[in-house]
Amino acid sequence: MRIGSGFDVHAFGEGDHVMLGGVRVPHGRGVVAHSDGDVVIHALCDAIFGALALGDIGRHFPPTDARWRDADSRQFLRHAAVLMARHGYTLGNADVTVIGEAPKVGPHAQAMRENLAADLDSEIGRISVKATTTEKLGFCGRGEGIAAQACVLLERA
Ligand SMILES: Nc1ccn([C@@H]2O[C@H](COP(=O)(O)O)[C@@H](O)[C@H]2O)c(=O)n1
Ligand SMILES: C[C@@]1(CO)OP(=O)(O)OP(=O)(O)OC[C@H]1O
């Protein structure tokens with residue numbers, strides 16, 4: 001078994017939605033990012049790369065590479081799934097927490113879990129997406145950005 005953790009933050013900027021777990025969530029702001037700025041998927045990718053001791057998302061998809069400009073982050077997750085399988089592992093479970101006052105994640109959590117399960121070739125029951133505010137404290141609390149943290153357990157295939 002292998003365990004991994006990931007964390008990602010993006011600042012809010014211009015726009016009218018935020019991508020979270022591959023779901024387009026309406027919001028009064030967008031995020032500033034090279035890709036689509038999906039903090040759920042970026043944190044989850046980093047957890048998987050960490051569990052495999054394969055570095056981080058920036059090593060696999062450099063933010064200096066024009067190929068990843070405005071990229072759909074689900075392709076990053078599918079690549080992490082390929083590496084996981086290639087190294088002889090399957091997903092035991094994943095637990096993701098979105099940190100921010102808004103947008104509210106609850107109404108979209110099921111759709112996010114479905115996307116993540118599909119991209120990881122896993123079962124929805126192995127994937128958790130939840131959220132918390134920071135009680136208006138800090139940069140998330142002031143609505144300056146959004147964060148996510150993820151933990152994964154990988155099992156031998
Ligand atoms: N972006 C968010 C933040 C929170 N939630 C839901 O609200 C509950 C209460 O949050 P607290 O930080 O006050 O504990 C939380 O447990 C989530 O169910 C959310 O959906 N989206
Ligand atoms: C995802 C990548 C892709 O170029 O860029 P960003 O969308 O800016 O996201 P970040 O979480 O900063 O991770 C770095 C990059 O790998």
# chains A, B, ... in the order shown; residues from 1 in each chain; ligands from 1
>>> residues_near_ligand(ligand="ligand 1", cutoff="7 Å", atoms="only C-alpha atoms and all ligand atoms", output="CSV table (one decimal) with N, CA and C atoms, in the first residue's frame")
chain,number,residue,atom,x,y,z
A,98,VAL,N,-12.5,20.5,-0.3
A,98,VAL,CA,-12.4,21.9,-0.9
A,98,VAL,C,-12.5,22.9,0.2
A,99,ILE,N,-11.6,23.9,0.2
A,99,ILE,CA,-11.6,24.9,1.3
A,99,ILE,C,-11.9,26.3,0.7
A,100,GLY,N,-13.1,26.8,1.1
A,100,GLY,CA,-13.5,28.1,0.6
A,100,GLY,C,-14.9,28.5,1.1
A,101,GLU,N,-15.2,29.8,1.1
A,101,GLU,CA,-16.5,30.2,1.5
A,101,GLU,C,-17.5,29.9,0.3
A,102,ALA,N,-17.1,30.1,-0.9
A,102,ALA,CA,-17.9,29.9,-2.1
A,102,ALA,C,-17.0,29.6,-3.3
A,103,PRO,N,-17.6,28.9,-4.3
A,103,PRO,CA,-18.9,28.4,-4.4
A,103,PRO,C,-19.2,27.2,-3.5
A,104,LYS,N,-20.5,27.0,-3.2
A,104,LYS,CA,-20.8,25.8,-2.4
A,104,LYS,C,-20.6,24.6,-3.2
A,105,VAL,N,-20.0,23.6,-2.6
A,105,VAL,CA,-19.6,22.4,-3.3
A,105,VAL,C,-20.7,21.3,-3.1
A,106,GLY,N,-21.4,21.3,-2.0
A,106,GLY,CA,-22.3,20.3,-1.7
A,106,GLY,C,-23.2,19.9,-2.9
A,107,PRO,N,-23.9,20.8,-3.6
A,107,PRO,CA,-24.8,20.5,-4.7
A,107,PRO,C,-24.1,19.8,-5.8
A,130,LYS,N,-15.7,16.6,-0.2
A,130,LYS,CA,-16.4,17.4,0.8
A,130,LYS,C,-15.8,18.8,0.8
A,131,ALA,N,-16.3,19.6,1.7
A,131,ALA,CA,-15.9,21.0,1.7
A,131,ALA,C,-16.0,21.6,3.0
A,132,THR,N,-15.2,22.7,3.2
A,132,THR,CA,-15.3,23.4,4.5
A,132,THR,C,-15.0,24.9,4.2
A,133,THR,N,-15.6,25.8,4.9
A,133,THR,CA,-15.2,27.2,4.9
A,133,THR,C,-14.0,27.3,5.9
A,134,THR,N,-13.4,28.5,6.0
A,134,THR,CA,-12.5,28.8,7.1
A,134,THR,C,-13.0,29.8,8.0
A,135,GLU,N,-14.4,29.8,8.1
A,135,GLU,CA,-15.1,30.7,9.0
A,135,GLU,C,-14.7,32.2,8.7
>>> closest_atom_pairs(of="chain A", to="ligand 2", cutoff="6 Å", atoms="only C-alpha atoms and all ligand atoms", output="Markdown table")
| residue | atom | partner | partner_atom_place_in_ligand_line | distance |
| --- | --- | --- | --- | --- |
| A:Asp8 | CA | ligand 2 | 11 (O) | 5.5 |
| A:Ala33 | CA | ligand 2 | 8 (O) | 3.9 |
| A:His34 | CA | ligand 2 | 8 (O) | 3.9 |
| A:Ser35 | CA | ligand 2 | 7 (O) | 3.5 |
| A:Asp36 | CA | ligand 2 | 7 (O) | 5.7 |
| A:Gly37 | CA | ligand 2 | 7 (O) | 4.4 |
| A:His42 | CA | ligand 2 | 11 (O) | 5.5 |
| A:Ile57 | CA | ligand 2 | 16 (O) | 4.5 |
| A:Gly58 | CA | ligand 2 | 16 (O) | 3.5 |
| A:Phe61 | CA | ligand 2 | 16 (O) | 4.5 |
| A:Pro62 | CA | ligand 2 | 4 (O) | 4.7 |
| A:Pro63 | CA | ligand 2 | 4 (O) | 3.2 |
| A:Trp68 | CA | ligand 2 | 4 (O) | 5.0 |
>>> write_last_selection(atoms="C-alpha atoms", output="compact mmCIF listing (two decimals), in the first residue's frame")
# COMPACT_ATOMS: atom_id res chain seq x y z
CA ASP A 8 -3.52 23.23 -4.37
CA ALA A 33 -4.32 29.57 -13.66
CA HIS A 34 -2.33 28.26 -16.59
CA SER A 35 -4.73 25.35 -17.07
CA ASP A 36 -8.44 25.38 -16.18
CA GLY A 37 -7.34 25.78 -12.53
CA HIS A 42 -4.67 19.25 -9.10
CA ILE A 57 1.95 17.99 -11.16
CA GLY A 58 4.34 20.71 -12.30
CA PHE A 61 2.70 19.20 -16.79
CA PRO A 62 5.00 22.24 -16.54
CA PRO A 63 3.18 25.60 -16.24
CA TRP A 68 -1.33 23.01 -20.93
>>> residues_around(residues="Ala85 in chain A", least_positions_apart="6", cutoff="10 Å", atoms="only C-alpha atoms", output="PyMOL selection string")
chain A and resi 79+91+120-121+156-157
>>> closest_residue(among="A:Gly92, A:Gly6, A:Gly125, A:Gly143", to="Ala47 in chain A", atoms="only C-alpha atoms")
A:Gly6
>>> residues_around(residues="range 17-28 of chain A", least_positions_apart="2", cutoff="6 Å", atoms="only C-alpha atoms", output="ChimeraX atom specification")
/A:15,30,38,40-41,112
>>> residues_around(residues="range 113-118 of chain A", least_positions_apart="3", cutoff="7 Å", atoms="only C-alpha atoms", output="PDB file with C-alpha atoms, in the first residue's frame")
ATOM      1  CA  GLY A  21     -13.610  17.985 -10.085  1.00  0.00           C
ATOM      2  CA  GLY A  22     -14.334  18.510 -13.758  1.00  0.00           C
ATOM      3  CA  ALA A 109     -20.144  16.851  -5.048  1.00  0.00           C
ATOM      4  CA  GLN A 110     -21.870  13.842  -6.587  1.00  0.00           C
ATOM      5  CA  ASP A 121     -11.232   3.861 -13.510  1.00  0.00           C
ATOM      6  CA  SER A 122     -12.542   3.433  -9.980  1.00  0.00           C
ATOM      7  CA  GLU A 123     -15.836   3.126  -8.114  1.00  0.00           C
ATOM      8  CA  ILE A 124     -17.675   6.143  -6.786  1.00  0.00           C
ATOM      9  CA  ILE A 127     -14.019   8.623  -3.783  1.00  0.00           C
ATOM     10  CA  SER A 128     -15.086  11.316  -1.331  1.00  0.00           C
ATOM     11  CA  VAL A 129     -15.488  15.029  -2.061  1.00  0.00           C
TER      12      VAL A 129
END
>>> closest_residue(among="A:Arg2, A:His108, A:Arg86, A:His10", to="Ile48 in chain A", atoms="only C-alpha atoms")
A:Arg2
>>> closest_residue(among="A:Ala80, A:Val152, A:Val32, A:Ala51", to="Asn93 in chain A", atoms="only C-alpha atoms")
A:Val152
>>> select_by_dssp(residues="range 23-139 of chain A", states="strand (DSSP E or B)", output="list in words")
Val23, Arg24, Val25, Pro26, Gly30, Val31, Tyr89, Thr90, Leu91, Gly92, Asn93, Ala94, Asp95, Val96, Thr97, Val98, Ile99, Ile127, Ser128, Val129, Lys130, Ala131 and Thr132 of chain A
>>> select_by_dssp(residues="range 3-131 of chain A", states="alpha helix (DSSP H)", output="NGL selection string")
:A and (39-51 or 57-60 or 74-86 or 109-119)
>>> write_last_selection(atoms="C-alpha atoms", output="mmCIF file, in the first residue's frame")
data_model
loop_
_atom_site.group_PDB
_atom_site.id
_atom_site.type_symbol
_atom_site.label_atom_id
_atom_site.label_comp_id
_atom_site.auth_asym_id
_atom_site.auth_seq_id
_atom_site.Cartn_x
_atom_site.Cartn_y
_atom_site.Cartn_z
ATOM 1 C CA VAL A 39 -7.955 22.675 -7.535
ATOM 2 C CA VAL A 40 -9.755 19.389 -6.799
ATOM 3 C CA ILE A 41 -8.041 17.588 -9.641
ATOM 4 C CA HIS A 42 -4.670 19.251 -9.095
ATOM 5 C CA ALA A 43 -4.644 18.249 -5.424
ATOM 6 C CA LEU A 44 -5.739 14.720 -6.312
ATOM 7 C CA CYS A 45 -3.056 14.384 -9.003
ATOM 8 C CA ASP A 46 -0.413 15.529 -6.534
ATOM 9 C CA ALA A 47 -1.644 12.975 -3.985
ATOM 10 C CA ILE A 48 -1.309 10.187 -6.566
ATOM 11 C CA PHE A 49 2.087 11.391 -7.795
ATOM 12 C CA GLY A 50 3.179 11.651 -4.162
ATOM 13 C CA ALA A 51 2.015 8.123 -3.340
ATOM 14 C CA ILE A 57 1.948 17.992 -11.158
ATOM 15 C CA GLY A 58 4.344 20.715 -12.299
ATOM 16 C CA ARG A 59 6.938 18.068 -13.163
ATOM 17 C CA HIS A 60 4.497 16.158 -15.355
ATOM 18 C CA ARG A 74 -9.184 15.803 -16.345
ATOM 19 C CA GLN A 75 -6.443 14.812 -18.794
ATOM 20 C CA PHE A 76 -3.907 15.296 -15.963
ATOM 21 C CA LEU A 77 -5.907 12.938 -13.766
ATOM 22 C CA ARG A 78 -6.230 10.332 -16.496
ATOM 23 C CA HIS A 79 -2.452 10.470 -16.931
ATOM 24 C CA ALA A 80 -2.001 9.960 -13.173
ATOM 25 C CA ALA A 81 -4.299 6.919 -13.450
ATOM 26 C CA VAL A 82 -2.155 5.480 -16.255
ATOM 27 C CA LEU A 83 0.991 5.909 -14.155
ATOM 28 C CA MET A 84 -0.738 4.351 -11.149
ATOM 29 C CA ALA A 85 -1.631 1.264 -13.215
ATOM 30 C CA ARG A 86 1.798 1.138 -14.836
ATOM 31 C CA ALA A 109 -20.144 16.851 -5.048
ATOM 32 C CA GLN A 110 -21.870 13.842 -6.587
ATOM 33 C CA ALA A 111 -21.110 14.976 -10.149
ATOM 34 C CA MET A 112 -17.483 15.584 -9.157
ATOM 35 C CA ARG A 113 -17.226 12.097 -7.658
ATOM 36 C CA GLU A 114 -18.619 10.603 -10.853
ATOM 37 C CA ASN A 115 -16.021 12.423 -12.962
ATOM 38 C CA LEU A 116 -13.153 11.465 -10.679
ATOM 39 C CA ALA A 117 -14.256 7.826 -10.537
ATOM 40 C CA ALA A 118 -14.464 7.677 -14.333
ATOM 41 C CA ASP A 119 -11.027 9.230 -14.827
#
>>> closest_residue(among="A:Ala150, A:Leu52, A:Glu155, A:Asp70", to="Ser5 in chain A", atoms="only C-alpha atoms")
A:Ala150
>>> atom_distance(atom1="CA of Val9 in chain A", atom2="CA of Ala66 in chain A")
20.6 Å
>>> atom_distance(atom1="CA of Met1 in chain A", atom2="CA of Leu153 in chain A")
6.9 Å
>>> atom_distance(atom1="CA of Arg29 in chain A", atom2="CA of Phe12 in chain A")
5.9 Å
>>> decode(residues="range 108-155 of chain A", atoms="N, CA and C atoms", output="mmCIF file, in the first residue's frame")
data_model
loop_
_atom_site.group_PDB
_atom_site.id
_atom_site.type_symbol
_atom_site.label_atom_id
_atom_site.label_comp_id
_atom_site.auth_asym_id
_atom_site.auth_seq_id
_atom_site.Cartn_x
_atom_site.Cartn_y
_atom_site.Cartn_z
ATOM 1 N N HIS A 108 -22.760 19.956 -5.939
ATOM 2 C CA HIS A 108 -22.015 19.447 -7.095
ATOM 3 C C HIS A 108 -21.132 18.251 -6.751
ATOM 4 N N ALA A 109 -21.103 17.869 -5.488
ATOM 5 C CA ALA A 109 -20.144 16.851 -5.048
ATOM 6 C C ALA A 109 -20.355 15.509 -5.751
ATOM 7 N N GLN A 110 -21.606 15.132 -5.952
ATOM 8 C CA GLN A 110 -21.870 13.842 -6.587
ATOM 9 C C GLN A 110 -21.352 13.828 -8.034
ATOM 10 N N ALA A 111 -21.592 14.908 -8.760
ATOM 11 C CA ALA A 111 -21.110 14.976 -10.149
ATOM 12 C C ALA A 111 -19.585 14.954 -10.187
ATOM 13 N N MET A 112 -18.951 15.614 -9.221
ATOM 14 C CA MET A 112 -17.483 15.584 -9.157
ATOM 15 C C MET A 112 -16.997 14.163 -8.913
ATOM 16 N N ARG A 113 -17.636 13.469 -7.972
ATOM 17 C CA ARG A 113 -17.226 12.097 -7.658
ATOM 18 C C ARG A 113 -17.363 11.201 -8.877
ATOM 19 N N GLU A 114 -18.421 11.417 -9.647
ATOM 20 C CA GLU A 114 -18.619 10.603 -10.853
ATOM 21 C C GLU A 114 -17.491 10.849 -11.857
ATOM 22 N N ASN A 115 -17.127 12.111 -12.048
ATOM 23 C CA ASN A 115 -16.021 12.423 -12.962
ATOM 24 C C ASN A 115 -14.712 11.801 -12.495
ATOM 25 N N LEU A 116 -14.424 11.961 -11.210
ATOM 26 C CA LEU A 116 -13.153 11.465 -10.679
ATOM 27 C C LEU A 116 -13.088 9.945 -10.764
ATOM 28 N N ALA A 117 -14.209 9.290 -10.455
ATOM 29 C CA ALA A 117 -14.256 7.826 -10.537
ATOM 30 C C ALA A 117 -14.025 7.369 -11.975
ATOM 31 N N ALA A 118 -14.639 8.054 -12.923
ATOM 32 C CA ALA A 118 -14.464 7.677 -14.333
ATOM 33 C C ALA A 118 -13.005 7.847 -14.751
ATOM 34 N N ASP A 119 -12.401 8.965 -14.392
ATOM 35 C CA ASP A 119 -11.027 9.230 -14.827
ATOM 36 C C ASP A 119 -10.023 8.301 -14.159
ATOM 37 N N LEU A 120 -10.345 7.850 -12.963
ATOM 38 C CA LEU A 120 -9.425 6.967 -12.229
ATOM 39 C C LEU A 120 -9.785 5.500 -12.421
ATOM 40 N N ASP A 121 -10.770 5.229 -13.279
ATOM 41 C CA ASP A 121 -11.232 3.861 -13.510
ATOM 42 C C ASP A 121 -11.525 3.180 -12.170
ATOM 43 N N SER A 122 -12.267 3.897 -11.337
ATOM 44 C CA SER A 122 -12.542 3.433 -9.980
ATOM 45 C C SER A 122 -14.052 3.462 -9.726
ATOM 46 N N GLU A 123 -14.416 3.130 -8.487
ATOM 47 C CA GLU A 123 -15.836 3.126 -8.114
ATOM 48 C C GLU A 123 -16.124 4.383 -7.307
ATOM 49 N N ILE A 124 -17.329 4.901 -7.464
ATOM 50 C CA ILE A 124 -17.675 6.143 -6.786
ATOM 51 C C ILE A 124 -17.578 5.997 -5.267
ATOM 52 N N GLY A 125 -17.830 4.810 -4.770
ATOM 53 C CA GLY A 125 -17.771 4.582 -3.328
ATOM 54 C C GLY A 125 -16.370 4.690 -2.742
ATOM 55 N N ARG A 126 -15.388 4.727 -3.606
ATOM 56 C CA ARG A 126 -13.998 4.867 -3.147
ATOM 57 C C ARG A 126 -13.544 6.327 -3.150
ATOM 58 N N ILE A 127 -14.423 7.227 -3.593
ATOM 59 C CA ILE A 127 -14.019 8.623 -3.783
ATOM 60 C C ILE A 127 -14.935 9.559 -3.015
ATOM 61 N N SER A 128 -14.344 10.364 -2.159
ATOM 62 C CA SER A 128 -15.086 11.316 -1.331
ATOM 63 C C SER A 128 -14.713 12.741 -1.726
ATOM 64 N N VAL A 129 -15.719 13.592 -1.855
ATOM 65 C CA VAL A 129 -15.488 15.029 -2.061
ATOM 66 C C VAL A 129 -16.316 15.772 -1.022
ATOM 67 N N LYS A 130 -15.658 16.585 -0.230
ATOM 68 C CA LYS A 130 -16.363 17.357 0.787
ATOM 69 C C LYS A 130 -15.787 18.757 0.815
ATOM 70 N N ALA A 131 -16.330 19.618 1.670
ATOM 71 C CA ALA A 131 -15.890 21.018 1.660
ATOM 72 C C ALA A 131 -16.012 21.626 3.039
ATOM 73 N N THR A 132 -15.226 22.657 3.244
ATOM 74 C CA THR A 132 -15.323 23.429 4.476
ATOM 75 C C THR A 132 -15.031 24.892 4.171
ATOM 76 N N THR A 133 -15.604 25.764 4.945
ATOM 77 C CA THR A 133 -15.179 27.160 4.919
ATOM 78 C C THR A 133 -14.005 27.293 5.903
ATOM 79 N N THR A 134 -13.448 28.489 5.988
ATOM 80 C CA THR A 134 -12.480 28.760 7.058
ATOM 81 C C THR A 134 -13.050 29.821 7.996
ATOM 82 N N GLU A 135 -14.393 29.796 8.083
ATOM 83 C CA GLU A 135 -15.086 30.735 8.983
ATOM 84 C C GLU A 135 -14.655 32.174 8.720
ATOM 85 N N LYS A 136 -14.507 32.476 7.422
ATOM 86 C CA LYS A 136 -14.165 33.826 6.938
ATOM 87 C C LYS A 136 -12.741 34.275 7.327
ATOM 88 N N LEU A 137 -11.923 33.342 7.792
ATOM 89 C CA LEU A 137 -10.541 33.671 8.158
ATOM 90 C C LEU A 137 -9.591 33.381 6.993
ATOM 91 N N GLY A 138 -8.531 34.169 6.876
ATOM 92 C CA GLY A 138 -7.491 33.902 5.889
ATOM 93 C C GLY A 138 -7.936 34.220 4.469
ATOM 94 N N PHE A 139 -7.047 33.835 3.489
ATOM 95 C CA PHE A 139 -7.331 34.238 2.101
ATOM 96 C C PHE A 139 -8.574 33.561 1.550
ATOM 97 N N CYS A 140 -8.811 32.316 1.965
ATOM 98 C CA CYS A 140 -10.050 31.655 1.514
ATOM 99 C C CYS A 140 -11.256 32.332 2.140
ATOM 100 N N GLY A 141 -11.128 32.677 3.397
ATOM 101 C CA GLY A 141 -12.228 33.312 4.115
ATOM 102 C C GLY A 141 -12.579 34.685 3.568
ATOM 103 N N ARG A 142 -11.564 35.383 3.052
ATOM 104 C CA ARG A 142 -11.802 36.705 2.458
ATOM 105 C C ARG A 142 -12.278 36.599 1.018
ATOM 106 N N GLY A 143 -12.388 35.369 0.515
ATOM 107 C CA GLY A 143 -12.860 35.171 -0.853
ATOM 108 C C GLY A 143 -11.818 35.547 -1.896
ATOM 109 N N GLU A 144 -10.546 35.442 -1.519
ATOM 110 C CA GLU A 144 -9.477 35.779 -2.473
ATOM 111 C C GLU A 144 -9.096 34.588 -3.356
ATOM 112 N N GLY A 145 -9.459 33.411 -2.926
ATOM 113 C CA GLY A 145 -9.117 32.223 -3.698
ATOM 114 C C GLY A 145 -9.777 30.997 -3.121
ATOM 115 N N ILE A 146 -9.414 29.876 -3.721
ATOM 116 C CA ILE A 146 -10.002 28.594 -3.318
ATOM 117 C C ILE A 146 -8.878 27.563 -3.230
ATOM 118 N N ALA A 147 -9.019 26.615 -2.320
ATOM 119 C CA ALA A 147 -7.985 25.602 -2.099
ATOM 120 C C ALA A 147 -8.624 24.225 -2.024
ATOM 121 N N ALA A 148 -7.785 23.215 -2.205
ATOM 122 C CA ALA A 148 -8.246 21.834 -2.004
ATOM 123 C C ALA A 148 -7.092 21.006 -1.491
ATOM 124 N N GLN A 149 -7.418 20.057 -0.648
ATOM 125 C CA GLN A 149 -6.422 19.079 -0.223
ATOM 126 C C GLN A 149 -6.972 17.691 -0.487
ATOM 127 N N ALA A 150 -6.055 16.758 -0.757
ATOM 128 C CA ALA A 150 -6.472 15.399 -1.106
ATOM 129 C C ALA A 150 -5.553 14.386 -0.442
ATOM 130 N N CYS A 151 -6.121 13.261 -0.070
ATOM 131 C CA CYS A 151 -5.368 12.107 0.424
ATOM 132 C C CYS A 151 -5.782 10.902 -0.406
ATOM 133 N N VAL A 152 -4.808 10.065 -0.738
ATOM 134 C CA VAL A 152 -5.143 8.807 -1.425
ATOM 135 C C VAL A 152 -4.427 7.651 -0.757
ATOM 136 N N LEU A 153 -5.071 6.502 -0.861
ATOM 137 C CA LEU A 153 -4.434 5.237 -0.497
ATOM 138 C C LEU A 153 -4.435 4.386 -1.759
ATOM 139 N N LEU A 154 -3.255 3.911 -2.150
ATOM 140 C CA LEU A 154 -3.153 3.047 -3.327
ATOM 141 C C LEU A 154 -2.889 1.619 -2.864
ATOM 142 N N GLU A 155 -3.536 0.682 -3.551
ATOM 143 C CA GLU A 155 -3.363 -0.734 -3.213
ATOM 144 C C GLU A 155 -2.731 -1.459 -4.397
#
